[in-house]
file upload.txt (compact mmCIF, C-alpha atoms)
# COMPACT_ATOMS: atom_id res chain seq x y z
CA MET A 1 -3.61 -27.05 -9.87
CA THR A 2 -1.00 -24.33 -9.52
CA ARG A 3 -1.29 -21.41 -7.12
CA ALA A 4 -0.83 -17.65 -7.42
CA PHE A 5 0.61 -15.15 -4.93
CA LEU A 6 0.14 -11.42 -5.60
CA ILE A 7 2.28 -9.40 -3.16
CA VAL A 8 2.06 -5.62 -2.89
CA MET A 9 5.05 -3.78 -1.43
CA ASP A 10 3.02 -0.77 -0.35
CA SER A 11 4.46 2.46 -1.82
CA VAL A 12 7.63 0.95 -3.38
CA GLY A 13 7.43 3.02 -6.55
CA ILE A 14 10.23 3.31 -9.10
CA GLY A 15 9.67 6.79 -10.55
CA GLY A 16 9.02 7.79 -14.11
CA ALA A 17 5.23 8.26 -14.09
CA PRO A 18 4.40 10.27 -17.22
CA ASP A 19 1.59 12.12 -15.42
CA ALA A 20 3.52 12.85 -12.19
CA GLY A 21 3.29 16.57 -12.86
CA SER A 22 -0.47 16.43 -12.30
CA PHE A 23 -0.08 15.14 -8.72
CA PHE A 24 1.27 17.18 -5.83
CA ASN A 25 2.78 17.25 -2.36
CA GLY A 26 1.51 20.61 -1.23
CA THR A 27 2.27 22.87 -4.18
CA THR A 28 5.19 20.77 -5.45
CA PRO A 29 4.42 18.41 -8.35
CA ASP A 30 5.59 14.80 -8.07
CA THR A 31 7.73 15.15 -11.19
CA GLY A 32 11.02 13.38 -10.47
CA ALA A 33 9.84 11.44 -7.41
CA ASN A 34 11.43 8.00 -7.27
CA THR A 35 10.98 6.02 -4.06
CA LEU A 36 13.33 3.12 -4.74
CA GLY A 37 15.78 5.10 -6.84
CA HIS A 38 16.29 7.86 -4.29
CA ILE A 39 16.60 5.38 -1.42
CA ALA A 40 19.25 3.41 -3.33
CA GLN A 41 21.02 6.63 -4.23
CA ALA A 42 21.07 7.77 -0.59
CA CYS A 43 22.42 4.38 0.51
CA ALA A 44 25.19 4.47 -2.10
CA GLN A 45 26.18 7.97 -0.95
CA GLY A 46 26.32 6.94 2.73
CA ALA A 47 23.29 9.11 3.55
CA ALA A 48 21.06 6.29 4.86
CA GLN A 49 23.06 4.69 7.64
CA GLY A 50 20.59 4.79 10.51
CA GLY A 51 20.67 1.17 11.66
CA ARG A 52 22.34 -0.02 8.45
CA ARG A 53 25.36 0.72 6.28
CA GLY A 54 26.49 0.72 2.67
CA PRO A 55 24.63 0.31 -0.63
CA LEU A 56 21.06 -0.94 -0.69
CA ARG A 57 21.16 -4.74 -0.61
CA MET A 58 18.19 -6.48 -2.24
CA PRO A 59 19.80 -9.40 -4.09
CA VAL A 60 16.72 -11.63 -4.30
CA LEU A 61 14.34 -9.12 -5.87
CA ASP A 62 17.16 -7.63 -7.92
CA GLN A 63 17.80 -11.06 -9.42
CA LEU A 64 14.14 -11.20 -10.41
CA GLY A 65 14.62 -7.87 -12.21
CA LEU A 66 14.16 -5.03 -9.71
CA GLY A 67 17.14 -2.98 -10.90
CA ALA A 68 16.23 -3.53 -14.53
CA ALA A 69 12.67 -2.37 -13.83
CA LEU A 70 13.99 0.73 -12.07
CA ALA A 71 16.13 1.62 -15.06
CA LEU A 72 13.27 0.99 -17.50
CA ALA A 73 10.82 3.10 -15.48
CA SER A 74 13.01 6.10 -14.89
CA GLY A 75 15.69 6.16 -17.53
CA PRO A 76 19.46 6.71 -17.16
CA SER A 77 19.22 10.38 -16.19
CA GLU A 78 17.00 9.57 -13.23
CA THR A 79 18.91 6.54 -11.95
CA GLU A 80 22.43 7.61 -12.92
CA ALA A 81 22.97 4.41 -14.87
CA THR A 82 26.43 3.17 -15.69
CA ASP A 83 27.55 0.44 -18.05
CA ALA A 84 28.57 -1.74 -15.11
CA ASP A 85 25.45 -1.18 -13.08
CA PRO A 86 22.25 -0.38 -15.01
CA ALA A 87 20.59 1.06 -11.92
CA GLY A 88 23.74 2.87 -10.82
CA MET A 89 23.21 2.04 -7.14
CA GLY A 90 23.86 -1.63 -6.48
CA LEU A 91 20.78 -2.94 -8.31
CA GLY A 92 22.41 -4.28 -11.45
CA ALA A 93 21.76 -8.04 -11.57
CA VAL A 94 20.95 -9.73 -14.87
CA PRO A 95 17.22 -10.55 -14.47
CA GLN A 96 16.38 -14.20 -13.87
CA GLY A 97 12.65 -13.62 -13.49
CA LEU A 98 9.75 -12.03 -15.29
CA TRP A 99 10.18 -8.28 -15.02
CA GLY A 100 8.63 -5.05 -16.19
CA VAL A 101 6.98 -1.80 -15.16
CA GLY A 102 3.39 -0.95 -14.24
CA ASN A 103 1.54 2.27 -15.14
CA GLU A 104 -1.54 3.42 -13.22
CA HIS A 105 -4.43 5.18 -14.97
CA SER A 106 -6.84 5.91 -12.09
CA ASN A 107 -6.91 9.54 -11.02
CA GLY A 108 -5.41 8.87 -7.60
CA LYS A 109 -2.18 7.87 -5.90
CA ASP A 110 -3.84 6.19 -2.94
CA THR A 111 -4.34 2.69 -1.56
CA PRO A 112 -7.79 1.86 -3.03
CA SER A 113 -6.96 3.29 -6.47
CA GLY A 114 -3.76 1.29 -6.75
CA HIS A 115 -5.08 -1.98 -5.36
CA TRP A 116 -8.36 -1.95 -7.27
CA GLU A 117 -6.54 -1.30 -10.52
CA LEU A 118 -3.99 -4.03 -9.77
CA ALA A 119 -7.02 -6.30 -9.27
CA GLY A 120 -8.46 -5.36 -12.66
CA VAL A 121 -10.77 -2.42 -11.87
CA PRO A 122 -9.61 1.15 -12.56
CA VAL A 123 -11.42 3.76 -10.46
CA PRO A 124 -14.16 5.32 -12.65
CA TRP A 125 -14.63 8.48 -10.57
CA ASP A 126 -12.65 11.26 -8.94
CA TRP A 127 -12.23 10.83 -5.19
CA GLY A 128 -13.55 13.37 -2.73
CA TYR A 129 -11.08 15.15 -0.46
CA PHE A 130 -11.07 17.43 2.57
CA ARG A 131 -8.63 20.03 1.26
CA ASP A 132 -8.72 22.66 4.04
CA LYS A 133 -5.82 22.13 6.44
CA THR A 134 -7.85 23.34 9.45
CA ASN A 135 -11.59 23.17 10.04
CA SER A 136 -11.39 20.47 7.40
CA PHE A 137 -14.84 18.91 7.72
CA PRO A 138 -18.25 20.34 6.73
CA ALA A 139 -20.65 21.04 9.57
CA ASP A 140 -23.02 18.24 8.59
CA VAL A 141 -20.17 15.70 8.79
CA VAL A 142 -19.15 16.97 12.23
CA ASP A 143 -22.79 16.80 13.33
CA ALA A 144 -23.06 13.22 12.10
CA VAL A 145 -19.97 12.19 14.09
CA MET A 146 -21.29 13.81 17.27
CA GLN A 147 -24.74 12.28 16.87
CA ILE A 148 -23.42 8.76 16.29
CA ALA A 149 -20.77 9.05 19.02
CA GLY A 150 -23.11 10.75 21.48
CA THR A 151 -20.67 13.57 22.20
CA GLN A 152 -20.93 17.36 22.31
CA GLY A 153 -17.97 17.89 20.01
CA ILE A 154 -14.95 16.45 18.20
CA LEU A 155 -11.23 17.12 18.45
CA GLY A 156 -8.83 17.74 15.60
CA ASN A 157 -10.87 18.61 12.51
CA CYS A 158 -7.66 19.11 10.55
CA HIS A 159 -4.93 17.56 8.42
CA ALA A 160 -2.49 15.73 10.68
CA SER A 161 -0.08 12.88 11.16
CA GLY A 162 -1.67 10.13 13.23
CA THR A 163 1.18 9.95 15.73
CA ASP A 164 1.50 13.74 16.00
CA ILE A 165 -2.17 14.27 16.70
CA LEU A 166 -2.12 11.70 19.50
CA ARG A 167 0.65 13.63 21.21
CA ALA A 168 -1.21 16.90 20.72
CA LEU A 169 -4.76 15.85 21.60
CA GLY A 170 -4.62 12.48 23.36
CA ALA A 171 -4.81 13.95 26.84
CA GLN A 172 -7.72 16.20 25.87
CA HIS A 173 -9.49 13.18 24.38
CA LEU A 174 -9.24 11.39 27.74
CA GLN A 175 -10.61 14.46 29.51
CA THR A 176 -13.53 15.16 27.19
CA GLY A 177 -14.33 11.76 25.69
CA TRP A 178 -14.55 13.41 22.26
CA PRO A 179 -13.21 11.47 19.25
CA ILE A 180 -10.12 12.79 17.46
CA CYS A 181 -11.00 13.33 13.79
CA TYR A 182 -8.42 14.13 11.14
CA THR A 183 -7.56 13.64 7.48
CA SER A 184 -4.64 13.95 5.06
CA ALA A 185 -4.00 14.52 1.38
CA ASP A 186 -5.64 11.11 0.80
CA SER A 187 -9.38 10.59 0.45
CA VAL A 188 -9.80 9.54 4.08
CA PHE A 189 -11.59 10.41 7.32
CA GLN A 190 -9.71 9.03 10.33
CA ILE A 191 -10.98 8.73 13.88
CA ALA A 192 -8.62 8.03 16.79
CA ALA A 193 -9.95 6.99 20.17
CA HIS A 194 -8.66 5.25 23.29
CA GLU A 195 -9.56 1.55 23.29
CA VAL A 196 -10.45 1.54 26.99
CA ALA A 197 -11.64 5.07 27.81
CA PHE A 198 -13.69 5.47 24.63
CA GLY A 199 -14.10 1.78 23.84
CA LEU A 200 -12.90 -0.21 20.85
CA ASP A 201 -16.34 -1.53 19.92
CA ARG A 202 -17.78 1.97 20.19
CA LEU A 203 -15.06 3.35 17.89
CA LEU A 204 -15.60 0.63 15.31
CA SER A 205 -19.38 1.14 15.41
CA LEU A 206 -18.90 4.89 14.97
CA CYS A 207 -16.75 4.39 11.89
CA GLU A 208 -19.02 1.74 10.43
CA GLN A 209 -22.11 3.96 10.74
CA LEU A 210 -20.30 7.05 9.45
CA ALA A 211 -18.76 5.31 6.42
CA PRO A 212 -21.87 5.23 4.17
CA ILE A 213 -22.38 8.96 4.72
CA LEU A 214 -18.84 9.74 3.57
CA HIS A 215 -18.85 7.16 0.78
CA GLN A 216 -21.69 9.15 -0.81
CA ARG A 217 -19.17 12.00 -1.06
CA LYS A 218 -16.65 9.59 -2.66
CA ILE A 219 -14.43 9.72 0.42
CA GLY A 220 -12.57 6.45 -0.05
CA ARG A 221 -12.09 5.27 3.52
CA VAL A 222 -13.19 5.88 7.07
CA ILE A 223 -10.38 4.57 9.26
CA ALA A 224 -10.65 3.59 12.91
CA ARG A 225 -7.35 4.38 14.67
CA PRO A 226 -7.54 2.92 18.20
CA PHE A 227 -4.77 3.61 20.70
CA LEU A 228 -3.79 2.86 24.28
CA GLY A 229 -1.57 4.42 26.92
CA THR A 230 -1.38 7.61 28.93
CA PRO A 231 -0.30 11.17 28.09
CA GLY A 232 3.26 11.13 26.82
CA ALA A 233 3.08 7.40 26.11
CA PHE A 234 0.22 6.83 23.67
CA GLU A 235 0.61 4.02 21.15
CA ARG A 236 -1.64 2.96 18.30
CA THR A 237 -2.80 -0.65 18.49
CA PRO A 238 -3.10 -3.32 15.75
CA ASN A 239 -6.91 -3.04 15.84
CA ARG A 240 -7.09 -0.50 13.02
CA ARG A 241 -10.03 -1.03 10.70
CA ASP A 242 -10.65 0.56 7.30
CA TYR A 243 -14.22 1.02 6.07
CA ALA A 244 -13.70 1.45 2.34
CA ILE A 245 -16.00 2.04 -0.59
CA ALA A 246 -16.65 -1.26 -2.35
CA PRO A 247 -15.05 -1.62 -5.79
CA PRO A 248 -17.53 -0.69 -8.54
CA GLN A 249 -16.98 -3.91 -10.48
CA PRO A 250 -15.92 -7.50 -9.64
CA THR A 251 -12.18 -7.75 -9.01
CA LEU A 252 -9.61 -10.51 -9.29
CA LEU A 253 -10.73 -11.73 -5.86
CA ASP A 254 -14.31 -12.00 -7.08
CA TRP A 255 -13.22 -13.73 -10.28
CA ALA A 256 -11.34 -16.35 -8.27
CA THR A 257 -14.22 -16.87 -5.83
CA GLN A 258 -16.76 -17.19 -8.62
CA ALA A 259 -14.51 -19.82 -10.24
CA GLY A 260 -14.57 -21.85 -7.03
CA ARG A 261 -11.03 -21.02 -5.95
CA VAL A 262 -9.94 -20.41 -2.36
CA THR A 263 -8.73 -16.86 -1.68
CA HIS A 264 -6.43 -15.66 1.11
CA ALA A 265 -6.06 -11.97 2.05
CA VAL A 266 -2.96 -11.01 4.02
CA GLY A 267 -2.82 -7.65 5.79
CA LYS A 268 -5.25 -4.87 4.89
CA ILE A 269 -6.41 -6.46 1.63
CA GLY A 270 -9.73 -7.36 3.28
CA ASP A 271 -10.42 -3.77 4.23
CA ILE A 272 -9.38 -2.40 0.83
CA PHE A 273 -11.82 -4.67 -0.98
CA SER A 274 -14.64 -4.39 1.58
CA HIS A 275 -14.08 -8.07 2.39
CA ARG A 276 -15.57 -9.06 -0.95
CA GLY A 277 -14.29 -12.21 -2.64
CA ILE A 278 -12.21 -13.24 0.37
CA ALA A 279 -12.44 -16.66 1.99
CA HIS A 280 -9.67 -16.36 4.59
CA LEU A 281 -8.31 -13.22 6.25
CA HIS A 282 -4.84 -13.15 7.81
CA LYS A 283 -3.96 -10.05 9.84
CA GLY A 284 -1.19 -9.12 12.24
CA ALA A 285 0.36 -6.38 14.33
CA GLY A 286 2.91 -5.46 11.68
CA ASP A 287 4.75 -6.61 8.59
CA ALA A 288 6.76 -9.21 10.53
CA ALA A 289 3.53 -10.91 11.61
CA LEU A 290 2.11 -10.64 8.09
CA MET A 291 5.27 -12.21 6.68
CA THR A 292 4.76 -15.14 9.04
CA HIS A 293 1.35 -15.65 7.44
CA LEU A 294 2.78 -15.44 3.92
CA GLN A 295 5.57 -17.90 4.72
CA ARG A 296 3.01 -20.33 6.12
CA LEU A 297 0.71 -19.96 3.13
CA ALA A 298 3.61 -20.75 0.80
CA LEU A 299 3.57 -24.19 2.43
CA GLU A 300 -0.14 -24.59 3.14
CA ALA A 301 -2.24 -22.67 0.58
CA GLU A 302 -4.56 -24.92 -1.37
CA PRO A 303 -3.96 -26.00 -4.99
CA GLY A 304 -5.48 -23.46 -7.34
CA SER A 305 -5.73 -20.80 -4.64
CA LEU A 306 -5.02 -17.07 -4.80
CA THR A 307 -3.11 -15.32 -2.02
CA PHE A 308 -3.23 -11.50 -2.17
CA ALA A 309 -0.93 -9.76 0.35
CA ASN A 310 -0.11 -6.19 1.31
CA PHE A 311 2.93 -5.11 3.33
CA VAL A 312 2.04 -1.66 4.57
CA GLU A 313 4.92 -0.54 6.78
CA PHE A 314 7.09 0.71 3.90
CA ASP A 315 4.37 3.31 3.50
CA SER A 316 3.01 3.88 7.00
CA LEU A 317 6.24 3.83 9.03
CA TRP A 318 8.87 5.12 6.62
CA GLY A 319 7.42 6.81 3.53
CA HIS A 320 4.97 9.18 5.18
CA ARG A 321 7.52 9.95 7.90
CA ARG A 322 10.19 10.66 5.28
CA ASP A 323 12.66 8.26 6.88
CA VAL A 324 15.10 7.10 4.19
CA SER A 325 17.18 4.88 6.49
CA GLY A 326 14.10 3.21 7.95
CA TYR A 327 12.70 2.54 4.50
CA ALA A 328 16.03 1.04 3.38
CA ARG A 329 16.14 -1.24 6.43
CA ALA A 330 12.61 -2.43 5.70
CA LEU A 331 13.44 -3.15 2.06
CA GLU A 332 16.49 -5.19 3.00
CA TRP A 333 14.55 -7.17 5.61
CA PHE A 334 11.78 -7.84 3.10
CA ASP A 335 14.23 -9.05 0.46
CA THR A 336 15.70 -11.57 2.89
CA GLN A 337 12.22 -12.85 3.68
CA VAL A 338 11.38 -13.12 -0.02
CA GLY A 339 14.29 -15.52 -0.44
CA ILE A 340 12.80 -17.81 2.23
CA PHE A 341 9.32 -17.49 0.73
CA LEU A 342 10.39 -18.37 -2.82
CA ALA A 343 12.24 -21.45 -1.60
CA ARG A 344 8.93 -22.75 -0.20
CA LEU A 345 6.90 -22.42 -3.40
CA ARG A 346 5.91 -25.42 -5.48
CA PRO A 347 6.68 -26.14 -9.13
CA GLY A 348 4.10 -24.34 -11.26
CA ASP A 349 3.32 -21.63 -8.71
CA LEU A 350 3.37 -17.96 -9.73
CA ALA A 351 4.50 -15.14 -7.43
CA ILE A 352 4.21 -11.50 -8.54
CA PHE A 353 5.71 -8.64 -6.54
CA THR A 354 4.53 -5.12 -7.26
CA ALA A 355 3.43 -1.85 -5.59
CA ASP A 356 0.36 0.38 -5.53
CA HIS A 357 1.97 3.86 -5.74
CA GLY A 358 5.09 5.65 -4.50
CA ASN A 359 5.95 7.40 -1.25
CA ASP A 360 9.40 8.84 -1.81
CA PRO A 361 10.96 9.39 1.65
CA SER A 362 13.37 11.93 0.19
CA TRP A 363 10.52 14.07 -1.18
CA CYS A 364 8.91 17.18 0.27
CA GLY A 365 5.67 16.91 2.21
CA THR A 366 4.26 13.69 3.67
CA ASP A 367 1.93 12.44 0.92
CA HIS A 368 2.23 9.58 -1.55
CA THR A 369 4.04 10.24 -4.83
CA ARG A 370 2.79 9.40 -8.31
CA GLU A 371 5.17 6.79 -9.75
CA ARG A 372 5.42 3.73 -11.90
CA VAL A 373 5.80 0.44 -10.02
CA PRO A 374 7.85 -2.72 -10.52
CA ILE A 375 6.31 -5.95 -11.80
CA LEU A 376 8.49 -8.88 -10.79
CA GLY A 377 7.48 -12.47 -11.37
CA TRP A 378 8.78 -15.84 -10.12
CA GLY A 379 7.74 -19.10 -11.78
CA ARG A 380 7.67 -18.08 -15.44
CA GLY A 381 11.37 -17.98 -16.27
CA ALA A 382 13.45 -14.98 -17.29
CA ARG A 383 11.46 -12.62 -19.50
CA ALA A 384 11.09 -8.89 -20.00
CA ILE A 385 7.47 -7.72 -20.33
CA GLY A 386 8.16 -4.00 -20.81
CA GLN A 387 5.71 -1.26 -19.89
CA ARG A 388 2.34 -2.65 -18.77
CA ASP A 389 -0.87 -1.39 -17.20
CA PHE A 390 -1.79 -2.19 -13.59
CA THR A 391 -4.79 -4.12 -14.87
CA ASP A 392 -2.51 -6.46 -16.83
CA ILE A 393 -1.41 -7.94 -13.50
CA ALA A 394 -4.94 -9.10 -12.67
CA ALA A 395 -5.39 -10.50 -16.17
CA SER A 396 -2.10 -12.38 -15.88
CA VAL A 397 -2.92 -13.90 -12.49
CA ALA A 398 -6.29 -15.00 -13.84
CA ASP A 399 -4.55 -16.47 -16.89
CA HIS A 400 -2.18 -18.42 -14.65
CA LEU A 401 -5.06 -19.76 -12.53
CA GLN A 402 -7.07 -20.50 -15.69
CA ILE A 403 -10.12 -18.59 -14.50
CA PRO A 404 -12.33 -16.15 -16.44
CA ALA A 405 -11.26 -12.52 -16.25
CA ALA A 406 -13.05 -9.25 -16.90
CA GLY A 407 -11.88 -5.67 -17.32
CA PRO A 408 -9.37 -4.01 -19.63
CA GLY A 409 -6.22 -5.94 -18.65
CA ARG A 410 -4.18 -8.13 -21.00
CA SER A 411 -2.14 -11.08 -19.77
CA PHE A 412 1.62 -10.85 -20.10
CA LEU A 413 2.19 -14.56 -19.44
call {"tool": "encode", "arguments": {"input": "upload.txt", "output": "structure tokens"}}
result
Amino acid sequence: MTRAFLIVMDSVGIGGAPDAGSFFNGTTPDTGANTLGHIAQACAQGAAQGGRRGPLRMPVLDQLGLGAALALASGPSETEATDADPAGMGLGAVPQGLWGVGNEHSNGKDTPSGHWELAGVPVPWDWGYFRDKTNSFPADVVDAVMQIAGTQGILGNCHASGTDILRALGAQHLQTGWPICYTSADSVFQIAAHEVAFGLDRLLSLCEQLAPILHQRKIGRVIARPFLGTPGAFERTPNRRDYAIAPPQPTLLDWATQAGRVTHAVGKIGDIFSHRGIAHLHKGAGDAALMTHLQRLALEAEPGSLTFANFVEFDSLWGHRRDVSGYARALEWFDTQVGIFLARLRPGDLAIFTADHGNDPSWCGTDHTRERVPILGWGRGARAIGQRDFTDIAASVADHLQIPAAGPGRSFL
């Protein structure tokens, strides 16, 4: 029995979303956002040389069809195509893999929306958000946090970067014992607390008890953000936990489980899917640790199994922080690792590389960007699949594994 590996490069969008004008960073629509295209352009112009130099180098994924997908998604005017280099920025290989472009239909540009739809289930509702930049949370939500935590107040209550708010309020948190609560443009409620002074178990229990209250409001995730250290030297730890709304219908992971297949979740996949349909969870302190898991699973995953992986640091470390050089370094590192991974796969295996949304580090603001995503496949020869829906990926993986599928997707295999 052959195996399937579905690998999400978190936020590696390729521009061109037809509905980008309906999504915003602040008051600026996402029209024209292009995560990969603008990074490659900056590299080619010598504007992304922090820790690296020259054009963006991703030969492994480009050979699968990354540059061709970029050109298809965004068109020549967006990618400055030339006859010699279809992507115009060093991504011009003749595709040797299955390649195409994915379009999202859910009304969101966030982690759950993208991943659920990739797994065959578009989001059937509009997410709830905390839109006010300050005093962001309703009084009853604040009261619920204080009651569960046993505190007289909370800190934050605003939109903020997770690292910035630690610098601003970490010392006060240690003095008062109050949890730091904040949100963003995403449908999230985040709580930061010191693992020792506040207690990791206490933080996780707080988030777990609060999550059902916020899920009723269609807030997608309550996120525990533990940290350690002292004022001026706070650092977030790997013990983050997301308490997400469960998908409204069975997903690819459920389909595989119901068919008796072994499933492996690498990274935050478990949290995104509320740990449903997952047999084995593989987590780590960062993408390097997660890649170690993926490389091992290429050798060890069972016949007929599904491995679903997410690599989050493109998004969390470089996209939100608008760091073009850092994002480029991460892409080049990942591409090198992909070459090692593919060499370990077995005849008949299928590997699909894609993304869940964009997060253009050259864009204004700090939020995700609405974009199309690449669909790159290894194990099915060289073939263009054109413009597809996110849900077609789930249908195709199910087709490869020869398991029953549900939902609107159509296999491209």
call {"tool": "closest_residue", "arguments": {"input": "upload.txt", "among": "A:His215, A:Arg321, A:Arg241, A:His293", "to": "Ala265 (chain A)", "atoms": "only C-alpha atoms"}}
result
A:His293
call {"tool": "closest_atom_pairs", "arguments": {"input": "upload.txt", "of": "region 65-153 of chain A", "to": "region 353-363 of chain A", "cutoff": "8 Å", "atoms": "all atoms listed in the file", "output": "tab-separated table"}}
result
residue	atom	partner	partner_atom	distance
A:Lys109	CA	A:His357	CA	5.8
A:Asp110	CA	A:His357	CA	6.9
A:Thr111	CA	A:Asp356	CA	6.6
A:Ser113	CA	A:Asp356	CA	7.9
A:Gly114	CA	A:Asp356	CA	4.4
A:His115	CA	A:Asp356	CA	5.9
A:Leu118	CA	A:Asp356	CA	7.5
call {"tool": "write_last_selection", "arguments": {"input": "upload.txt", "atoms": "C-alpha atoms", "output": "short mmCIF file (atom, residue, chain, number, x, y, z; two decimals), in the coordinates of the input"}}
result
data_model
loop_
_atom_site.label_atom_id
_atom_site.label_comp_id
_atom_site.auth_asym_id
_atom_site.auth_seq_id
_atom_site.Cartn_x
_atom_site.Cartn_y
_atom_site.Cartn_z
CA LYS A 109 -2.18 7.87 -5.90
CA ASP A 110 -3.84 6.19 -2.94
CA THR A 111 -4.34 2.69 -1.56
CA SER A 113 -6.96 3.29 -6.47
CA GLY A 114 -3.76 1.29 -6.75
CA HIS A 115 -5.08 -1.98 -5.36
CA LEU A 118 -3.99 -4.03 -9.77
#
call {"tool": "atom_distance", "arguments": {"input": "upload.txt", "atom1": "CA of Leu376 (chain A)", "atom2": "CA of Leu317 (chain A)"}}
result
23.7 Å
call {"tool": "closest_residue", "arguments": {"input": "upload.txt", "among": "A:Val188, A:Leu98, A:Leu342, A:Ala168", "to": "Ser136 (chain A)", "atoms": "only C-alpha atoms"}}
result
A:Val188
call {"tool": "residues_around", "arguments": {"input": "upload.txt", "residues": "Arg383 (chain A)", "least_positions_apart": "2", "cutoff": "9 Å", "atoms": "only C-alpha atoms", "output": "PyMOL selection string"}}
result
chain A and resi 95-100+380-381+385
call {"tool": "write_last_selection", "arguments": {"input": "upload.txt", "atoms": "C-alpha atoms", "output": "PDB file, in the coordinates of the input"}}
result
ATOM      1  CA  PRO A  95      17.220 -10.550 -14.470  1.00  0.00           C
ATOM      2  CA  GLN A  96      16.380 -14.200 -13.870  1.00  0.00           C
ATOM      3  CA  GLY A  97      12.650 -13.620 -13.490  1.00  0.00           C
ATOM      4  CA  LEU A  98       9.750 -12.030 -15.290  1.00  0.00           C
ATOM      5  CA  TRP A  99      10.180  -8.280 -15.020  1.00  0.00           C
ATOM      6  CA  GLY A 100       8.630  -5.050 -16.190  1.00  0.00           C
ATOM      7  CA  ARG A 380       7.670 -18.080 -15.440  1.00  0.00           C
ATOM      8  CA  GLY A 381      11.370 -17.980 -16.270  1.00  0.00           C
ATOM      9  CA  ILE A 385       7.470  -7.720 -20.330  1.00  0.00           C
TER      10      ILE A 385
END
call {"tool": "closest_atom_pairs", "arguments": {"input": "upload.txt", "of": "region 167-208 of chain A", "to": "region 219-224 of chain A", "cutoff": "10 Å", "atoms": "all atoms listed in the file", "output": "Markdown table"}}
result
| residue | atom | partner | partner_atom | distance |
| --- | --- | --- | --- | --- |
| A:Cys181 | CA | A:Ala224 | CA | 9.8 |
| A:Tyr182 | CA | A:Ile223 | CA | 9.9 |
| A:Thr183 | CA | A:Val222 | CA | 9.6 |
| A:Asp186 | CA | A:Gly220 | CA | 8.4 |
| A:Ser187 | CA | A:Ile219 | CA | 5.1 |
| A:Val188 | CA | A:Arg221 | CA | 4.9 |
| A:Phe189 | CA | A:Val222 | CA | 4.8 |
| A:Gln190 | CA | A:Ile223 | CA | 4.6 |
| A:Ile191 | CA | A:Ala224 | CA | 5.2 |
| A:Ala192 | CA | A:Ala224 | CA | 6.2 |
| A:Ala193 | CA | A:Ala224 | CA | 8.0 |
| A:Leu200 | CA | A:Ala224 | CA | 9.1 |
| A:Leu203 | CA | A:Ala224 | CA | 6.7 |
| A:Leu204 | CA | A:Ala224 | CA | 6.2 |
| A:Ser205 | CA | A:Ala224 | CA | 9.4 |
| A:Leu206 | CA | A:Ala224 | CA | 8.6 |
| A:Cys207 | CA | A:Val222 | CA | 6.2 |
| A:Glu208 | CA | A:Val222 | CA | 7.9 |
call {"tool": "atom_distance", "arguments": {"input": "upload.txt", "atom1": "CA of Arg370 (chain A)", "atom2": "CA of Pro18 (chain A)"}}
result
9.1 Å
call {"tool": "closest_residue", "arguments": {"input": "upload.txt", "among": "A:Ala40, A:Ile340, A:Ile403, A:Ala47", "to": "Gly260 (chain A)", "atoms": "only C-alpha atoms"}}
result
A:Ile403
